[in-house]
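K.L.:
Quick one: the structure is below, and I'll ask about it shortly.
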Amino acid sequence: MSMYSFSSEQITPLFIGAIILLSSILFFNAGKTKASLILLFIGALALGFFMANLDPYIMMWDEQYHALVAKNLSADMLKPTLYSHPILDYDYRNWTSNHIWLHKQPLFLWQMALSMKLFGFNTLALRLPSILLHAFAALMIFRIGKISNSEKTGYYGALLFAAAYYPLELLAGHFSTDHNDLAFLFYITASFWTWFEYQHTQKKYYLILIGLFSGCAVLVKWMVGLLIYAVWFLTLGANDKRNWIKIKSYLPLIISASITLVVFVPWQIYIFLKYPLEAAHEFAYNTQHFFEVIEGHNGDMWFHFNALNDIYGSTIVVLIYAVGLMFFIAKMKSNIYRIATASAIVIVYTFFTIAATKMTSFCIIVSPFVFLGLGCLIDSAVAFISTKIKYKQFEYIFSTLALAIVAPLVMNISKIEHYHTDKYPNDNGFRETELQEIKRIDKLTQHLGDEKYVVFNYTHFRDVQIMFFTNYIAYDFIPTEEQIAQIKSKKYKIAILDDGALPKCIIDKNEIVKIKR
């Protein structure tokens, strides 16, 4: 792997982030926890910026749809649309070409819409919310680790999460379902963080936050966002099994759950009243995911266990994580924390193993516990070796070196280089083609100007990108005579990509702008 594959513009945030995170490690090992956490947060932001800035185009397949819907939401937060102005007839059931777009819950789209409203319709602005959520999640992971285990475990786990490869790729829009999964990871982590805080302090305002964050999780990826309540129920009898039959034991849970309902139910009522056809279809479609294989996302019962290699690394690395997770659970301060952590992992993997539709990122929501496990393993190893070597500064030096070595390994710069530079064209998803398409879209706007155009004959996916980067309406087919008349009647002009195979009826129409590649 050579850093020369990255441009200076790309690599600078990585170097800055690495220096800041190394400083964070040094501060933490020197006992300056607050300063180290501030640096951890800033370093995580720098790594997020590095990833988000690698590719100046929106990714296929999911990110482009999320980006376009978020762009349209910036004009009206209560009207999620793909084709904001449906010039031609459409099938409301087809989420890749319809008008009202309810294929996903809206919170992560609202976040992206607000960011682009503030900072413009560009790739960095649409990825900015994920950069922030990723960095804040690291701080929450620190608190979960500190409360349940030790400050060192919490810090080590948070640092490794901040540097970890797979969440950073979600932030960059590279893997499905990109910002949706990262936002879901954040809100699930937030609901667990506030639950741990409540169990630790019994402060009532954490009940409000649990409900708020769980409701937000539902508003990102539907009912799995209620995971904290299943875990909470299982822990009620951890110290006294009679609590399961005492109504009083359920009151805190009921308070939080009531707030959760207040957060996510109004949107469901609104869309059923405002867009009944689309809402009914999407609710039924979401249910199908559990019972049927949707859009070819199938797999056997080992799918999510095999996916561990994609999320965390090779089989050997996954085994190291598994050992660390066992250490983490075994060394927890309370049986309640053990049951919560173990049950969360078991519930998530059981649920998605049973579900017919499978995607790699589904189980990413328990990754904070996995990284805390690795942090616990490093902490245990450092403590053990330090007892054998009688040198005053050994633990400080060894822990610093261990983290400085492991963090780049979990980040996997070599894999990032494969996907986001031009060095490996067979691995980078046709990156050069995508960069050329951005240039063609720029030329398109220079050619057509600010007038109302409907653009045809750009390949599927390019039509979505055109609508994100311009104000034109775009389709991936050649229009019929009837469609041409329909567009003209709505006072739109027509442009079409001339691929050398246009029908004579199109070629003969001088009012249609033909665009050469």
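Chain labels run A, B, ... following the order of the structure tokens; each chain numbers its residues from 1, and ligands are numbered from 1 in the order shown.
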Considering only C-alpha atoms, give me a table of residues in stretch 386-497 of chain A that are at most 10 Å from stretch 302-325 of chain A, with the closest atom pair and distance in Å for each, as a Markdown table.
P.N.:
| residue | atom | partner | partner_atom | distance |
| --- | --- | --- | --- | --- |
| A:Leu409 | CA | A:Gly313 | CA | 9.6 |
| A:Val410 | CA | A:Tyr312 | CA | 7.5 |
| A:Met411 | CA | A:Tyr312 | CA | 9.6 |
| A:Asn412 | CA | A:Gly313 | CA | 8.9 |
K.L.:
Please indicate the distance in Å from atom CA of A:His289 to atom CA of A:Lys104, rounded to one decimal place.
P.N.:
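These two atoms are separated by 12.9 Å.
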K.L.:
Please identify every residue of stretch 92-156 of chain A that has at least one atom no farther than 12 Å from an atom of stretch 367-379 of chain A, counting only C-alpha atoms, and for each give the shortest atom pair and the distance in Å to one decimal, arranged by chain then increasing number, as CSV.
P.N.:
residue,atom,partner,partner_atom,distance
A:His134,CA,A:Pro368,CA,11.3
A:Ala137,CA,A:Pro368,CA,8.7
A:Ala138,CA,A:Pro368,CA,8.5
A:Leu139,CA,A:Pro368,CA,10.9
A:Met140,CA,A:Pro368,CA,9.2
A:Ile141,CA,A:Pro368,CA,6.3
A:Phe142,CA,A:Leu372,CA,8.4
A:Arg143,CA,A:Leu372,CA,10.6
A:Ile144,CA,A:Leu372,CA,8.7
A:Gly145,CA,A:Leu372,CA,6.4
A:Lys146,CA,A:Leu372,CA,9.8
A:Ile147,CA,A:Leu372,CA,11.8
A:Ser148,CA,A:Leu372,CA,10.2
A:Asn149,CA,A:Cys376,CA,8.3
A:Ser150,CA,A:Cys376,CA,8.5
A:Glu151,CA,A:Asp379,CA,10.0
A:Lys152,CA,A:Asp379,CA,6.6
A:Thr153,CA,A:Cys376,CA,4.8
A:Gly154,CA,A:Leu372,CA,6.4
A:Tyr155,CA,A:Gly375,CA,7.6
A:Tyr156,CA,A:Gly375,CA,4.6
K.L.:
Can you list, as a ChimeraX atom specification, every protein, DNA or RNA residue that comes within 12 Å of stretch 474-485 of chain A when you count only C-alpha atoms, leaving out same-chain residues fewer than 5 positions away?
P.N.:
/A:82-90,96-98,441,444,452-469,490-499,501-507,509,511-512,514
K.L.:
Would you mind reading off the distance between atom CA of A:Ile11 and atom CA of A:His418, one decimal, in Å?
P.N.:
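Atom-to-atom, atom CA of A:Ile11 and atom CA of A:His418 are spaced 14.4 Å apart.
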K.L.:
Can you pull out the residues contacting A:Leu45? Cut-off 9 Å, using only C-alpha atoms, and skip same-chain residues under 6 positions away; I want them as a compact mmCIF listing (two decimals) with C-alpha atoms, in the first residue's frame.
P.N.:
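Generated output (result.txt):
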# COMPACT_ATOMS: atom_id res chain seq x y z
CA GLY A 17 -6.76 13.00 12.11
CA ILE A 131 -19.53 12.59 9.96
CA LEU A 132 -21.01 14.20 13.07
CA HIS A 134 -20.00 8.90 13.79
CA ALA A 135 -17.87 11.17 16.01
CA ALA A 162 -13.64 5.94 15.51
K.L.:
Counting only C-alpha atoms, what is within 9 Å of A:Ala52, bar same-chain residues fewer than 5 positions away, as an mmCIF file with N, CA and C atoms, in the first residue's frame?
P.N.:
data_model
loop_
_atom_site.group_PDB
_atom_site.id
_atom_site.type_symbol
_atom_site.label_atom_id
_atom_site.label_comp_id
_atom_site.auth_asym_id
_atom_site.auth_seq_id
_atom_site.Cartn_x
_atom_site.Cartn_y
_atom_site.Cartn_z
ATOM 1 N N LEU A 47 -11.189 12.010 10.495
ATOM 2 C CA LEU A 47 -11.251 10.759 9.731
ATOM 3 C C LEU A 47 -12.525 10.695 8.899
ATOM 4 N N THR A 123 -21.678 16.637 -2.297
ATOM 5 C CA THR A 123 -21.478 15.360 -1.617
ATOM 6 C C THR A 123 -21.014 15.531 -0.178
ATOM 7 N N LEU A 124 -20.180 16.529 0.072
ATOM 8 C CA LEU A 124 -19.699 16.720 1.436
ATOM 9 C C LEU A 124 -20.839 17.141 2.362
ATOM 10 N N ARG A 127 -23.021 14.209 3.295
ATOM 11 C CA ARG A 127 -22.358 13.261 4.198
ATOM 12 C C ARG A 127 -22.024 13.867 5.558
ATOM 13 N N LEU A 128 -22.171 15.174 5.696
ATOM 14 C CA LEU A 128 -21.803 15.848 6.937
ATOM 15 C C LEU A 128 -22.548 15.312 8.167
ATOM 16 N N ILE A 131 -20.814 12.275 9.335
ATOM 17 C CA ILE A 131 -19.525 12.594 9.958
ATOM 18 C C ILE A 131 -19.737 12.932 11.432
ATOM 19 N N LEU A 168 -16.767 3.836 8.713
ATOM 20 C CA LEU A 168 -16.259 4.938 7.883
ATOM 21 C C LEU A 168 -16.712 4.780 6.438
ATOM 22 N N GLU A 169 -16.808 3.548 5.960
ATOM 23 C CA GLU A 169 -17.299 3.322 4.594
ATOM 24 C C GLU A 169 -18.788 3.641 4.488
ATOM 25 N N LEU A 171 -20.233 5.925 6.212
ATOM 26 C CA LEU A 171 -20.206 7.391 6.225
ATOM 27 C C LEU A 171 -19.905 7.955 4.838
ATOM 28 N N ALA A 172 -19.064 7.235 4.090
ATOM 29 C CA ALA A 172 -18.692 7.667 2.737
ATOM 30 C C ALA A 172 -19.728 7.277 1.695
ATOM 31 N N GLY A 173 -20.781 6.575 2.111
ATOM 32 C CA GLY A 173 -21.826 6.171 1.176
ATOM 33 C C GLY A 173 -21.486 4.952 0.349
#
K.L.:
Between A:Pro106, A:Gly157, A:Pro252, A:Gly31, which has the minimum distance to A:Lys221 (counting only C-alpha atoms)?
P.N.:
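Of the candidates, the smallest distance to A:Lys221 is held by A:Pro106.
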